[in-house]
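In what follows, a single structure is set out as structure tokens and then discussed.
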Amino acid sequence: MNVFELAYTALINNSIKEKIDLVTKLNNYKNSNLLDYQSSCHIKSIADPGRPEKPDLVRFKSVPKRDKSDVGMIKTIHAICHIEFNAINLALDAVYRFRDMEDKFYQDWIRVAFEEVQHFILINDYLNKNNYKYGDFEAHNGLWKMTIDTDYDVLARMALVPRVLEARGLDATPKIQKRFKNSNFKPMVEILDVIFKDEIGHVKIGNYWFNRLCKQRNLDSMVVFDQLIERHIGEKLRGPFNIEGRKLANFSKTELEYLQGT
Ligand SMILES: [Fe+2]
């Protein structure tokens with residue numbers, strides 16, 4: 001079973017159910033040592049990964065500001081659901097796109113894809129309990145952009161996606177949990193606890209591979225990261241940062257000082 005062919009098939013599949021099944025199979029094959037990690041197929045660029053017809057994707061700015069009413073909170077939950085769905089594709093793309101890495105790289109990102117599937121299910125089930133589902137609201141279309149922007153190099157992908165985008169999720173979670181605590185959607189606090197724990201692992205995986213690649217290429221990780229932030233973000237990363245969460249995800253003391261501008 002070729003890992004790249006299976007990851008590609010899951011990535012481009014538009015059906016939620018089929019994508020979940022394909023990722024689950026991929027994860028099972030990985031656990032049973034049935035995967036072949038030799039690259040055989042050509043790498044295609046993927047402008048749009050597989051996703052269901054709904055939600056309609058709109059430019060970030062045109063998504064109305066979410067309020068604290070029940071529907072406003074449901075919209076927030078829907079936005080998290082969308083992030084989790086995208087995260088499945090993001091992890092699959094990391095598996096599919098970058099060749100000649102150690103087997104562990106693919107195994108790590110398959111694990112991430114599988115955990116993102118669990119997150120998506122958790123949130124979508126909770127939406128269902130409240131008589132909503134993924135696709136009921138518009139969602140923003142910007143989440144895939146950084147994936148395409150970092151297609152050119154696995155080092156850039158590891159720097160920008162797990163270490164910046166996913167790490168921002170760690171920063172934001174406690175604040176969002178606070179909002180849910182004082183709402184009619186308290187079970188979200190616990191759901192986000194589960195997700196947060198896994199996300200720390202995902203950022204950790206990103207840190208591991210980023211640092212490993214820097215070492216292999218004889219690059220100073222701090223300098224490279226700063227250059228990549230300048231190239232892809234164009235400004236300093238903005239806090240507030242969840243320092244404790246980032247520490248758990250293996251950001252070094254030097255990196256945390258860099259983030260805080262000290
Ligand atoms: Fe997730």
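Identifiers in the structure tokens: chain A, B, ... in order shown; residue index from 1 per chain; ligand index from 1 in order shown.
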Any idea what's packed within 9 Å of Ile12 of chain A, counting only C-alpha atoms, ignoring anything in its chain fewer than 2 positions away? Could you give it as a list in words?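 Answer for this query is Ala7, Tyr8, Thr9, Ala10, Asn14, Lys19, Ile46, Asp48, Pro49, Gly50, Arg51 and Asn89 of chain A.
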For those residues, write N, CA and C atoms to a file as an mmCIF file, in the first residue's frame.
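result.cif, freshly written:
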```
data_model
loop_
_atom_site.group_PDB
_atom_site.id
_atom_site.type_symbol
_atom_site.label_atom_id
_atom_site.label_comp_id
_atom_site.auth_asym_id
_atom_site.auth_seq_id
_atom_site.Cartn_x
_atom_site.Cartn_y
_atom_site.Cartn_z
ATOM 1 N N ALA A 7 -2.676 8.877 0.626
ATOM 2 C CA ALA A 7 -2.852 10.229 1.179
ATOM 3 C C ALA A 7 -3.516 11.120 0.129
ATOM 4 N N TYR A 8 -3.105 10.975 -1.108
ATOM 5 C CA TYR A 8 -3.685 11.803 -2.189
ATOM 6 C C TYR A 8 -5.178 11.499 -2.354
ATOM 7 N N THR A 9 -5.517 10.228 -2.364
ATOM 8 C CA THR A 9 -6.913 9.822 -2.519
ATOM 9 C C THR A 9 -7.780 10.415 -1.403
ATOM 10 N N ALA A 10 -7.267 10.385 -0.180
ATOM 11 C CA ALA A 10 -8.024 10.947 0.952
ATOM 12 C C ALA A 10 -8.107 12.472 0.829
ATOM 13 N N ASN A 14 -14.094 14.485 -1.783
ATOM 14 C CA ASN A 14 -15.006 15.569 -1.370
ATOM 15 C C ASN A 14 -16.006 15.152 -0.295
ATOM 16 N N LYS A 19 -13.817 10.629 3.358
ATOM 17 C CA LYS A 19 -12.504 11.138 3.801
ATOM 18 C C LYS A 19 -12.163 10.561 5.183
ATOM 19 N N ILE A 46 -2.154 21.189 -5.496
ATOM 20 C CA ILE A 46 -3.587 21.063 -5.211
ATOM 21 C C ILE A 46 -4.138 22.432 -4.810
ATOM 22 N N ASP A 48 -7.305 23.327 -4.666
ATOM 23 C CA ASP A 48 -8.445 23.129 -3.776
ATOM 24 C C ASP A 48 -8.497 21.686 -3.324
ATOM 25 N N PRO A 49 -8.325 21.444 -2.036
ATOM 26 C CA PRO A 49 -8.414 20.060 -1.564
ATOM 27 C C PRO A 49 -9.873 19.605 -1.548
ATOM 28 N N GLY A 50 -10.078 18.302 -1.438
ATOM 29 C CA GLY A 50 -11.439 17.782 -1.407
ATOM 30 C C GLY A 50 -12.196 18.276 -0.198
ATOM 31 N N ARG A 51 -13.398 18.788 -0.468
ATOM 32 C CA ARG A 51 -14.265 19.228 0.637
ATOM 33 C C ARG A 51 -15.706 19.196 0.147
ATOM 34 N N ASN A 89 -7.096 17.962 5.899
ATOM 35 C CA ASN A 89 -6.464 18.121 4.586
ATOM 36 C C ASN A 89 -5.022 18.605 4.700
#
```
Counting only C-alpha atoms and all ligand atoms, which residues of chain A fall within 12 Å of ligand 1, and what is the closest atom pair for each with its distance in Å at one decimal, ordered by chain and rising number, as JSON lines?
```
{"residue": "A:Ile80", "atom": "CA", "partner": "ligand 1", "partner_atom_place_in_ligand_line": "1 (Fe)", "distance": 8.8}
{"residue": "A:Cys81", "atom": "CA", "partner": "ligand 1", "partner_atom_place_in_ligand_line": "1 (Fe)", "distance": 8.9}
{"residue": "A:His82", "atom": "CA", "partner": "ligand 1", "partner_atom_place_in_ligand_line": "1 (Fe)", "distance": 10.0}
{"residue": "A:Ile83", "atom": "CA", "partner": "ligand 1", "partner_atom_place_in_ligand_line": "1 (Fe)", "distance": 7.4}
{"residue": "A:Glu84", "atom": "CA", "partner": "ligand 1", "partner_atom_place_in_ligand_line": "1 (Fe)", "distance": 4.9}
{"residue": "A:Phe85", "atom": "CA", "partner": "ligand 1", "partner_atom_place_in_ligand_line": "1 (Fe)", "distance": 8.2}
{"residue": "A:Asn86", "atom": "CA", "partner": "ligand 1", "partner_atom_place_in_ligand_line": "1 (Fe)", "distance": 8.9}
{"residue": "A:Ala87", "atom": "CA", "partner": "ligand 1", "partner_atom_place_in_ligand_line": "1 (Fe)", "distance": 6.1}
{"residue": "A:Ile88", "atom": "CA", "partner": "ligand 1", "partner_atom_place_in_ligand_line": "1 (Fe)", "distance": 7.8}
{"residue": "A:Asn89", "atom": "CA", "partner": "ligand 1", "partner_atom_place_in_ligand_line": "1 (Fe)", "distance": 11.0}
{"residue": "A:Leu90", "atom": "CA", "partner": "ligand 1", "partner_atom_place_in_ligand_line": "1 (Fe)", "distance": 10.4}
{"residue": "A:Ala91", "atom": "CA", "partner": "ligand 1", "partner_atom_place_in_ligand_line": "1 (Fe)", "distance": 10.0}
{"residue": "A:Arg111", "atom": "CA", "partner": "ligand 1", "partner_atom_place_in_ligand_line": "1 (Fe)", "distance": 11.3}
{"residue": "A:Val112", "atom": "CA", "partner": "ligand 1", "partner_atom_place_in_ligand_line": "1 (Fe)", "distance": 8.1}
{"residue": "A:Ala113", "atom": "CA", "partner": "ligand 1", "partner_atom_place_in_ligand_line": "1 (Fe)", "distance": 8.6}
{"residue": "A:Phe114", "atom": "CA", "partner": "ligand 1", "partner_atom_place_in_ligand_line": "1 (Fe)", "distance": 9.5}
{"residue": "A:Glu115", "atom": "CA", "partner": "ligand 1", "partner_atom_place_in_ligand_line": "1 (Fe)", "distance": 6.8}
{"residue": "A:Glu116", "atom": "CA", "partner": "ligand 1", "partner_atom_place_in_ligand_line": "1 (Fe)", "distance": 4.4}
{"residue": "A:Val117", "atom": "CA", "partner": "ligand 1", "partner_atom_place_in_ligand_line": "1 (Fe)", "distance": 7.8}
{"residue": "A:Gln118", "atom": "CA", "partner": "ligand 1", "partner_atom_place_in_ligand_line": "1 (Fe)", "distance": 8.0}
{"residue": "A:His119", "atom": "CA", "partner": "ligand 1", "partner_atom_place_in_ligand_line": "1 (Fe)", "distance": 5.4}
{"residue": "A:Phe120", "atom": "CA", "partner": "ligand 1", "partner_atom_place_in_ligand_line": "1 (Fe)", "distance": 7.3}
{"residue": "A:Ile121", "atom": "CA", "partner": "ligand 1", "partner_atom_place_in_ligand_line": "1 (Fe)", "distance": 10.4}
{"residue": "A:Leu122", "atom": "CA", "partner": "ligand 1", "partner_atom_place_in_ligand_line": "1 (Fe)", "distance": 10.2}
{"residue": "A:Ile123", "atom": "CA", "partner": "ligand 1", "partner_atom_place_in_ligand_line": "1 (Fe)", "distance": 10.1}
{"residue": "A:Pro162", "atom": "CA", "partner": "ligand 1", "partner_atom_place_in_ligand_line": "1 (Fe)", "distance": 10.9}
{"residue": "A:Leu165", "atom": "CA", "partner": "ligand 1", "partner_atom_place_in_ligand_line": "1 (Fe)", "distance": 11.3}
{"residue": "A:Glu166", "atom": "CA", "partner": "ligand 1", "partner_atom_place_in_ligand_line": "1 (Fe)", "distance": 8.3}
{"residue": "A:Ala167", "atom": "CA", "partner": "ligand 1", "partner_atom_place_in_ligand_line": "1 (Fe)", "distance": 11.1}
{"residue": "A:Arg168", "atom": "CA", "partner": "ligand 1", "partner_atom_place_in_ligand_line": "1 (Fe)", "distance": 12.0}
{"residue": "A:Gly169", "atom": "CA", "partner": "ligand 1", "partner_atom_place_in_ligand_line": "1 (Fe)", "distance": 8.8}
{"residue": "A:Leu170", "atom": "CA", "partner": "ligand 1", "partner_atom_place_in_ligand_line": "1 (Fe)", "distance": 10.4}
{"residue": "A:Thr173", "atom": "CA", "partner": "ligand 1", "partner_atom_place_in_ligand_line": "1 (Fe)", "distance": 11.4}
{"residue": "A:Ile191", "atom": "CA", "partner": "ligand 1", "partner_atom_place_in_ligand_line": "1 (Fe)", "distance": 10.9}
{"residue": "A:Leu192", "atom": "CA", "partner": "ligand 1", "partner_atom_place_in_ligand_line": "1 (Fe)", "distance": 9.4}
{"residue": "A:Asp193", "atom": "CA", "partner": "ligand 1", "partner_atom_place_in_ligand_line": "1 (Fe)", "distance": 11.1}
{"residue": "A:Val194", "atom": "CA", "partner": "ligand 1", "partner_atom_place_in_ligand_line": "1 (Fe)", "distance": 9.5}
{"residue": "A:Ile195", "atom": "CA", "partner": "ligand 1", "partner_atom_place_in_ligand_line": "1 (Fe)", "distance": 5.9}
{"residue": "A:Phe196", "atom": "CA", "partner": "ligand 1", "partner_atom_place_in_ligand_line": "1 (Fe)", "distance": 7.8}
{"residue": "A:Lys197", "atom": "CA", "partner": "ligand 1", "partner_atom_place_in_ligand_line": "1 (Fe)", "distance": 9.6}
{"residue": "A:Asp198", "atom": "CA", "partner": "ligand 1", "partner_atom_place_in_ligand_line": "1 (Fe)", "distance": 7.2}
{"residue": "A:Glu199", "atom": "CA", "partner": "ligand 1", "partner_atom_place_in_ligand_line": "1 (Fe)", "distance": 6.0}
{"residue": "A:Ile200", "atom": "CA", "partner": "ligand 1", "partner_atom_place_in_ligand_line": "1 (Fe)", "distance": 9.8}
{"residue": "A:Gly201", "atom": "CA", "partner": "ligand 1", "partner_atom_place_in_ligand_line": "1 (Fe)", "distance": 10.2}
{"residue": "A:His202", "atom": "CA", "partner": "ligand 1", "partner_atom_place_in_ligand_line": "1 (Fe)", "distance": 8.4}
{"residue": "A:Val203", "atom": "CA", "partner": "ligand 1", "partner_atom_place_in_ligand_line": "1 (Fe)", "distance": 10.6}
```
State, in Å with one decimal place, the distance from atom CA of Phe180 of chain A to atom CA of Val71 of chain A.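 Pair atom CA of Phe180 of chain A / atom CA of Val71 of chain A returns 12.8 Å.
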Pick the closest to Arg238 of chain A from A:Ser252, A:Ser183, A:His140, A:Asp171: which is it, counting only C-alpha atoms?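 Checking each of A:Ser252, A:Ser183, A:His140, A:Asp171 against Arg238 of chain A, counting only C-alpha atoms, the winner is A:Asp171.
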Segment 106-249 of chain A: residues DSSP assigns to helix (DSSP H, G or I), reported as JSON, numbers by chain: {"A": [106, 107, 108, 109, 110, 111, 112, 113, 114, 115, 116, 117, 118, 119, 120, 121, 122, 123, 124, 125, 126, 127, 128, 129, 142, 143, 144, 145, 146, 147, 148, 149, 154, 155, 156, 157, 158, 159, 160, 161, 162, 163, 164, 165, 166, 167, 168, 169, 170, 171, 172, 173, 174, 175, 176, 177, 178, 179, 180, 181, 187, 188, 189, 190, 191, 192, 193, 194, 195, 196, 197, 198, 199, 200, 201, 202, 203, 204, 205, 206, 207, 208, 209, 210, 211, 212, 213, 214, 215, 216, 221, 222, 223, 224, 225, 226, 227, 228, 229, 230, 231, 232, 243, 244, 245, 246, 247, 248]}
A:Arg179, A:Tyr126, A:Val223, A:Lys253 ranked by distance to Lys68 of chain A, top pick (using only C-alpha atoms): A:Arg179
Which residues come within 6 Å of segment 157-160 of chain A, counting only C-alpha atoms, excluding same-chain residues fewer than 6 positions away, as a list of chain:residue names?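 The contact residues come out as A:Thr150, A:Gly206, A:Phe210.
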Any chance you can output those residues with C-alpha atoms as a short mmCIF file (atom, residue, chain, number, x, y, z; two decimals), in the first residue's frame?
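Contents of again.cif, as written:
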```cif
data_model
loop_
_atom_site.label_atom_id
_atom_site.label_comp_id
_atom_site.auth_asym_id
_atom_site.auth_seq_id
_atom_site.Cartn_x
_atom_site.Cartn_y
_atom_site.Cartn_z
CA THR A 150 4.67 26.60 1.55
CA GLY A 206 6.16 20.53 13.73
CA PHE A 210 11.56 21.97 11.70
#
```
Which is closest to Val161 of chain A among A:Asp93, A:Glu18, A:Glu138, A:Asp220, if we use only C-alpha atoms? A:Asp93
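Restricting the calculation to only C-alpha atoms, the smallest distance between Ile229 of chain A and any of A:Lys133, A:Arg163, A:His42, A:Lys17 is found for A:Arg163.
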